[in-house]
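S.K.: Sharing a structure with you now.
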Amino acid sequence: MASIRRTLSPAYHGRSLPNGVSPFTVSSPSHKFLYSGNYSSSSSRPLDRFDVGFRRFFARVLYQRQSRKGSQTWRRTIFRFLVCFLLGFLVGLTPMPFGEVEDSNAKRRDFSFEIKANPVNVEQDLSNVVTQEKFVVETVNLGVENRFNFSPRKQLIVITPTYNRPLQAYYLNRLGHVLRLVPPPLLWIVVEMNSATMETSEILRKTGVMYRHLVCKKNGTNVKDRGVHQRNTALEHIEHHKMDGIVYFADDDNIYSIELFESLRKTSRFGTWPVAMLAHNKNKAILEGPVCNGSQVVGWHTNEKSKRLRRFHVDMSGFAFNSTILWDAKRWHRPMSGPIRQLDTVKEGFQETTFIEQIVEDESQMEGLPHGCSVIMNWHLHLEARNFGHPKGWVLQKNLDVVIPFQ
């Protein structure tokens, strides 16, 4: 079947078609796109002419006719594209200081942010909550005072001389249980003669009180001077280590109340109080210590004529003092006459007054405890059992002589 292709003659390019449509070539691929309506060549409207011209220009740009020069046009296009690409690549590698600074600043502005919390007013927020929700908020008094004036407790340094005797275990356990009830800080210094026994060490470990077990190496022939040397050993230990606290001599055979140790922490330099004791004949109780007007010492209680010659009528367990007096003489304006120690060269009963005379000058430097010195806080009872046998280590190795059988 033969195909017939009809081409328009060039002579008809200038003619107008009967329907008024401008002529165009059949080979043009854009004839459907460009001419979808009827446009007269003799139309006098400028808008229509502009539209026709714009469409023709657009068609020439997008759809170029294939001709003999088509290959040269593609070569030029590729050459121009490569040149433009090379120029853009070189421009991109060129450093731009001003643009870079501006770009970095822009990035900082873009990616940096800051969160600012709004100030919170607790009272205002609570008032808003109460207003909006219509709740009634009442203040609750829990009985807790809003005070933060915290002052640390003074350390108590309790010195106890001890020795091997039948009731030693009973005395040490009783005193240890009392000290255990005292609020810390508290240091219990226990001094033995010649060597530290295992029995005493075991008792101290079981009390639960912070302690130091010392040994007095001084050889003394007089039994009455034994306690003096033991107390001096503890004083040397405090002075050597410069301990800060309130020093108190607590013999293991005395009876003490918790109020006594609570009052000791009120001592500034030297504190004293009355002590109740039994007379040597055990038929009456006597009182020895200060007479106070408030916290001021104005006199002394005494009942023994042999002790009226003493300067200060105080029992060994009836006073306490600041430990810094032993090693800081400048603080207390004390002359550097030597260490403060108890004397073993004086008569029995005068160790207390000769020792106190090294610490204070007169009653004006003393403090009466408690206020008015009207409370007895410890007792000195001479209840030592003499010539009473006891097993070594307070442990029975065998049964007693009399055994009651169980029925």
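Chain labels A, B, ... are given in the sequence in which chains occur in the structure tokens; within each chain residues are numbered consecutively from 1, and ligands are likewise numbered from 1 in the order shown.
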As a list in words, please: the residues near Asn322 of chain A (cut-off 7 Å, only C-alpha atoms, same-chain neighbours under 2 positions excluded).
M.R.: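 Non-adjacent residues within range: Gly245, Ile246, Val247, Ser268, Arg269, Phe270, Thr324 and Ile325 of chain A.
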S.K.: Tell me, as number ranges by chain, which residues lie within 12 Å of Asn254 of chain A, counting only C-alpha atoms; anything in the same chain fewer than 3 positions away does not count.
M.R.: A: 160-161, 168, 170-172, 174-175, 178, 249-251, 257, 275-278, 315-318, 377-384
S.K.: Can you tell me, as a PyMOL selection string, what residues are no more than 6 Å from Gly294 of chain A when counting only C-alpha atoms, ignoring any on the same chain fewer than 2 positions away?
M.R.: chain A and resi 292+296+371-372
S.K.: Export, as a PDB file, in the first residue's frame, the selected residues with N, CA, C and O atoms.
M.R.:
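As written to disk, result04.pdb reads:
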ATOM      1  N   CYS A 292      27.302  29.200 145.808  1.00  0.00           N
ATOM      2  CA  CYS A 292      27.215  30.065 144.627  1.00  0.00           C
ATOM      3  C   CYS A 292      26.069  31.050 144.760  1.00  0.00           C
ATOM      4  O   CYS A 292      25.031  30.750 145.357  1.00  0.00           O
ATOM      5  N   GLN A 296      28.317  32.635 140.249  1.00  0.00           N
ATOM      6  CA  GLN A 296      29.496  33.194 140.908  1.00  0.00           C
ATOM      7  C   GLN A 296      29.744  32.461 142.214  1.00  0.00           C
ATOM      8  O   GLN A 296      28.828  32.272 143.026  1.00  0.00           O
ATOM      9  N   HIS A 371      23.267  26.517 137.821  1.00  0.00           N
ATOM     10  CA  HIS A 371      22.989  27.861 138.306  1.00  0.00           C
ATOM     11  C   HIS A 371      22.579  27.805 139.783  1.00  0.00           C
ATOM     12  O   HIS A 371      21.602  27.167 140.150  1.00  0.00           O
ATOM     13  N   GLY A 372      23.357  28.476 140.605  1.00  0.00           N
ATOM     14  CA  GLY A 372      23.083  28.482 142.039  1.00  0.00           C
ATOM     15  C   GLY A 372      23.736  27.350 142.798  1.00  0.00           C
ATOM     16  O   GLY A 372      23.673  27.312 144.040  1.00  0.00           O
TER      17      GLY A 372
END
S.K.: Please identify the strand (DSSP E or B) residues within segment 133-327 of chain A (assignment by DSSP from backbone atoms) and present them as number ranges by chain.
M.R.: A: 156-161, 186-193, 211-216, 246-249, 255-256, 270-272, 275-278, 285-293, 296-301, 319-322
S.K.: Taking only C-alpha atoms into account, which of A:Glu367, A:Ile159, A:Leu82, A:Glu192 comes nearest Asn293 of chain A?
M.R.: A:Glu367
S.K.: Mind the document's chain letters and residue numbers, and return as a PyMOL selection string the residues of segment 173-383 of chain A that DSSP labels alpha helix (DSSP H).
M.R.: chain A and resi 173-180+198-207+226-241+258-264+324-327+351-356
S.K.: Dump N, CA and C atoms for the selected residues as a compact mmCIF listing (two decimals), in the first residue's frame?
M.R.:
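So out-v2.txt came out as:
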# COMPACT_ATOMS: atom_id res chain seq x y z
N ASN A 173 32.26 -1.14 134.39
CA ASN A 173 31.04 -1.36 133.61
C ASN A 173 29.98 -0.33 133.94
N ARG A 174 29.83 0.00 135.20
CA ARG A 174 28.83 0.99 135.59
C ARG A 174 29.15 2.35 135.01
N LEU A 175 30.41 2.78 135.11
CA LEU A 175 30.79 4.07 134.55
C LEU A 175 30.71 4.07 133.03
N GLY A 176 31.05 2.93 132.41
CA GLY A 176 30.98 2.85 130.95
C GLY A 176 29.55 2.98 130.44
N HIS A 177 28.59 2.41 131.13
CA HIS A 177 27.19 2.53 130.71
C HIS A 177 26.69 3.96 130.87
N VAL A 178 27.17 4.67 131.88
CA VAL A 178 26.77 6.06 132.04
C VAL A 178 27.34 6.92 130.91
N LEU A 179 28.62 6.72 130.59
CA LEU A 179 29.24 7.51 129.53
C LEU A 179 28.64 7.19 128.16
N ARG A 180 28.12 5.99 128.03
CA ARG A 180 27.50 5.63 126.76
C ARG A 180 26.24 6.44 126.49
N MET A 198 44.36 -7.46 130.03
CA MET A 198 43.41 -7.90 129.03
C MET A 198 41.98 -7.74 129.52
N GLU A 199 41.75 -7.93 130.82
CA GLU A 199 40.40 -7.80 131.35
C GLU A 199 39.87 -6.38 131.21
N THR A 200 40.71 -5.40 131.50
CA THR A 200 40.29 -4.01 131.35
C THR A 200 40.05 -3.65 129.89
N SER A 201 40.92 -4.11 129.01
CA SER A 201 40.75 -3.83 127.58
C SER A 201 39.45 -4.42 127.04
N GLU A 202 39.10 -5.62 127.50
CA GLU A 202 37.85 -6.24 127.04
C GLU A 202 36.64 -5.45 127.51
N ILE A 203 36.68 -4.96 128.75
CA ILE A 203 35.56 -4.16 129.26
C ILE A 203 35.40 -2.87 128.45
N LEU A 204 36.51 -2.21 128.15
CA LEU A 204 36.45 -0.96 127.40
C LEU A 204 35.90 -1.17 125.99
N ARG A 205 36.27 -2.27 125.37
CA ARG A 205 35.77 -2.53 124.01
C ARG A 205 34.27 -2.78 124.00
N LYS A 206 33.74 -3.38 125.04
CA LYS A 206 32.32 -3.71 125.08
C LYS A 206 31.44 -2.54 125.44
N THR A 207 32.00 -1.47 125.99
CA THR A 207 31.17 -0.34 126.41
C THR A 207 30.61 0.44 125.22
N ARG A 226 49.37 6.68 143.77
CA ARG A 226 49.13 5.98 142.52
C ARG A 226 48.17 6.77 141.61
N GLY A 227 47.06 7.26 142.16
CA GLY A 227 46.11 8.03 141.36
C GLY A 227 46.69 9.32 140.84
N VAL A 228 47.63 9.95 141.61
CA VAL A 228 48.26 11.20 141.16
C VAL A 228 49.09 10.94 139.91
N HIS A 229 49.87 9.88 139.90
CA HIS A 229 50.72 9.57 138.75
C HIS A 229 49.87 9.17 137.53
N GLN A 230 48.80 8.47 137.78
CA GLN A 230 47.95 8.07 136.65
C GLN A 230 47.28 9.29 136.01
N ARG A 231 46.81 10.22 136.81
CA ARG A 231 46.19 11.43 136.24
C ARG A 231 47.22 12.27 135.51
N ASN A 232 48.44 12.35 136.04
CA ASN A 232 49.49 13.11 135.35
C ASN A 232 49.84 12.47 134.00
N THR A 233 49.77 11.15 133.89
CA THR A 233 50.01 10.48 132.61
C THR A 233 48.96 10.91 131.59
N ALA A 234 47.72 10.99 132.01
CA ALA A 234 46.66 11.43 131.10
C ALA A 234 46.83 12.90 130.73
N LEU A 235 47.25 13.75 131.68
CA LEU A 235 47.48 15.17 131.37
C LEU A 235 48.62 15.34 130.37
N GLU A 236 49.67 14.54 130.51
CA GLU A 236 50.77 14.60 129.54
C GLU A 236 50.29 14.19 128.15
N HIS A 237 49.42 13.20 128.09
CA HIS A 237 48.88 12.76 126.80
C HIS A 237 48.04 13.87 126.15
N ILE A 238 47.23 14.55 126.92
CA ILE A 238 46.41 15.64 126.39
C ILE A 238 47.29 16.80 125.92
N GLU A 239 48.28 17.14 126.70
CA GLU A 239 49.17 18.24 126.34
C GLU A 239 50.00 17.91 125.11
N HIS A 240 50.45 16.67 125.00
CA HIS A 240 51.28 16.28 123.85
C HIS A 240 50.49 16.33 122.55
N HIS A 241 49.25 15.88 122.58
CA HIS A 241 48.41 15.85 121.37
C HIS A 241 47.57 17.11 121.22
N ILE A 258 23.58 11.90 134.45
CA ILE A 258 23.73 12.41 133.09
C ILE A 258 23.74 13.94 133.09
N GLU A 259 23.04 14.55 134.03
CA GLU A 259 23.00 16.01 134.10
C GLU A 259 24.38 16.60 134.33
N LEU A 260 25.23 15.87 135.02
CA LEU A 260 26.59 16.37 135.27
C LEU A 260 27.34 16.57 133.97
N PHE A 261 27.32 15.59 133.08
CA PHE A 261 28.07 15.68 131.83
C PHE A 261 27.44 16.69 130.87
N GLU A 262 26.13 16.89 130.97
CA GLU A 262 25.51 17.93 130.17
C GLU A 262 25.93 19.32 130.66
N SER A 263 26.13 19.46 131.97
CA SER A 263 26.55 20.76 132.51
C SER A 263 28.02 21.05 132.24
N LEU A 264 28.83 20.01 132.05
CA LEU A 264 30.26 20.22 131.81
C LEU A 264 30.52 21.01 130.54
N THR A 324 42.74 23.46 126.92
CA THR A 324 43.72 24.34 126.28
C THR A 324 44.59 25.07 127.31
N ILE A 325 44.17 25.09 128.57
CA ILE A 325 45.00 25.70 129.62
C ILE A 325 46.32 24.95 129.75
N LEU A 326 46.33 23.65 129.43
CA LEU A 326 47.54 22.84 129.57
C LEU A 326 48.58 23.18 128.53
N TRP A 327 48.18 23.56 127.31
CA TRP A 327 49.15 23.72 126.24
C TRP A 327 49.07 25.07 125.52
N GLN A 351 45.87 17.53 147.25
CA GLN A 351 46.20 17.45 145.83
C GLN A 351 45.24 18.30 145.00
N GLU A 352 43.97 18.38 145.40
CA GLU A 352 42.99 19.14 144.63
C GLU A 352 43.30 20.63 144.64
N THR A 353 43.51 21.18 145.83
CA THR A 353 43.70 22.63 145.92
C THR A 353 45.01 23.08 145.30
N THR A 354 46.08 22.29 145.45
CA THR A 354 47.35 22.68 144.82
C THR A 354 47.28 22.59 143.30
N PHE A 355 46.48 21.67 142.79
CA PHE A 355 46.32 21.58 141.33
C PHE A 355 45.47 22.74 140.81
N ILE A 356 44.39 23.10 141.51
CA ILE A 356 43.52 24.18 141.06
C ILE A 356 44.25 25.52 141.11
S.K.: How many Å lie between atom CA of Glu357 of chain A and atom CA of Pro370 of chain A, rounded to one decimal?
M.R.: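 Atom-to-atom, atom CA of Glu357 of chain A to atom CA of Pro370 of chain A, that is 22.0 Å.
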S.K.: Between atom CA of Arg212 of chain A and atom CA of Val191 of chain A, what distance in Å does the model show, to one decimal?
M.R.: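 Straight-line distance from atom CA of Arg212 of chain A to atom CA of Val191 of chain A works out to 8.4 Å.
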S.K.: What's around segment 184-186 of chain A at 7 Å? Count only C-alpha atoms, leave out sequence neighbours fewer than 4 positions away in its own chain, and write the answer as a PDB file with all heavy atoms, in the first residue's frame.
M.R.:
ATOM      1  N   GLN A 155      33.897  18.833 123.222  1.00  0.00           N
ATOM      2  CA  GLN A 155      34.337  17.471 123.522  1.00  0.00           C
ATOM      3  C   GLN A 155      34.609  17.329 125.016  1.00  0.00           C
ATOM      4  O   GLN A 155      35.215  18.203 125.641  1.00  0.00           O
ATOM      5  CB  GLN A 155      35.586  17.119 122.724  1.00  0.00           C
ATOM      6  CG  GLN A 155      36.086  15.715 123.003  1.00  0.00           C
ATOM      7  CD  GLN A 155      37.297  15.352 122.181  1.00  0.00           C
ATOM      8  OE1 GLN A 155      37.367  14.282 121.590  1.00  0.00           O
ATOM      9  NE2 GLN A 155      38.261  16.243 122.133  1.00  0.00           N
ATOM     10  N   LEU A 156      34.170  16.222 125.577  1.00  0.00           N
ATOM     11  CA  LEU A 156      34.439  15.894 126.979  1.00  0.00           C
ATOM     12  C   LEU A 156      35.573  14.889 127.043  1.00  0.00           C
ATOM     13  O   LEU A 156      35.539  13.858 126.356  1.00  0.00           O
ATOM     14  CB  LEU A 156      33.190  15.333 127.657  1.00  0.00           C
ATOM     15  CG  LEU A 156      31.956  16.252 127.695  1.00  0.00           C
ATOM     16  CD1 LEU A 156      30.811  15.560 128.416  1.00  0.00           C
ATOM     17  CD2 LEU A 156      32.276  17.582 128.353  1.00  0.00           C
ATOM     18  N   ILE A 157      36.577  15.172 127.860  1.00  0.00           N
ATOM     19  CA  ILE A 157      37.724  14.280 128.052  1.00  0.00           C
ATOM     20  C   ILE A 157      37.669  13.797 129.490  1.00  0.00           C
ATOM     21  O   ILE A 157      37.995  14.534 130.421  1.00  0.00           O
ATOM     22  CB  ILE A 157      39.056  15.004 127.756  1.00  0.00           C
ATOM     23  CG1 ILE A 157      39.024  15.620 126.353  1.00  0.00           C
ATOM     24  CG2 ILE A 157      40.221  14.051 127.902  1.00  0.00           C
ATOM     25  CD1 ILE A 157      40.238  16.467 126.038  1.00  0.00           C
ATOM     26  N   MET A 210      34.142   5.757 122.876  1.00  0.00           N
ATOM     27  CA  MET A 210      35.478   6.030 122.338  1.00  0.00           C
ATOM     28  C   MET A 210      36.456   6.207 123.507  1.00  0.00           C
ATOM     29  O   MET A 210      36.229   7.032 124.397  1.00  0.00           O
ATOM     30  CB  MET A 210      35.443   7.282 121.464  1.00  0.00           C
ATOM     31  CG  MET A 210      36.770   7.569 120.775  1.00  0.00           C
ATOM     32  SD  MET A 210      36.682   8.936 119.583  1.00  0.00           S
ATOM     33  CE  MET A 210      36.230  10.282 120.652  1.00  0.00           C
TER      34      MET A 210
END
S.K.: Between A:Ala320, A:Ile359, A:Val52, A:Leu86, which residue has the minimum interatomic distance to Pro339 of chain A, considering only C-alpha atoms?
M.R.: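 Distance minimum relative to Pro339 of chain A lands on A:Ile359.
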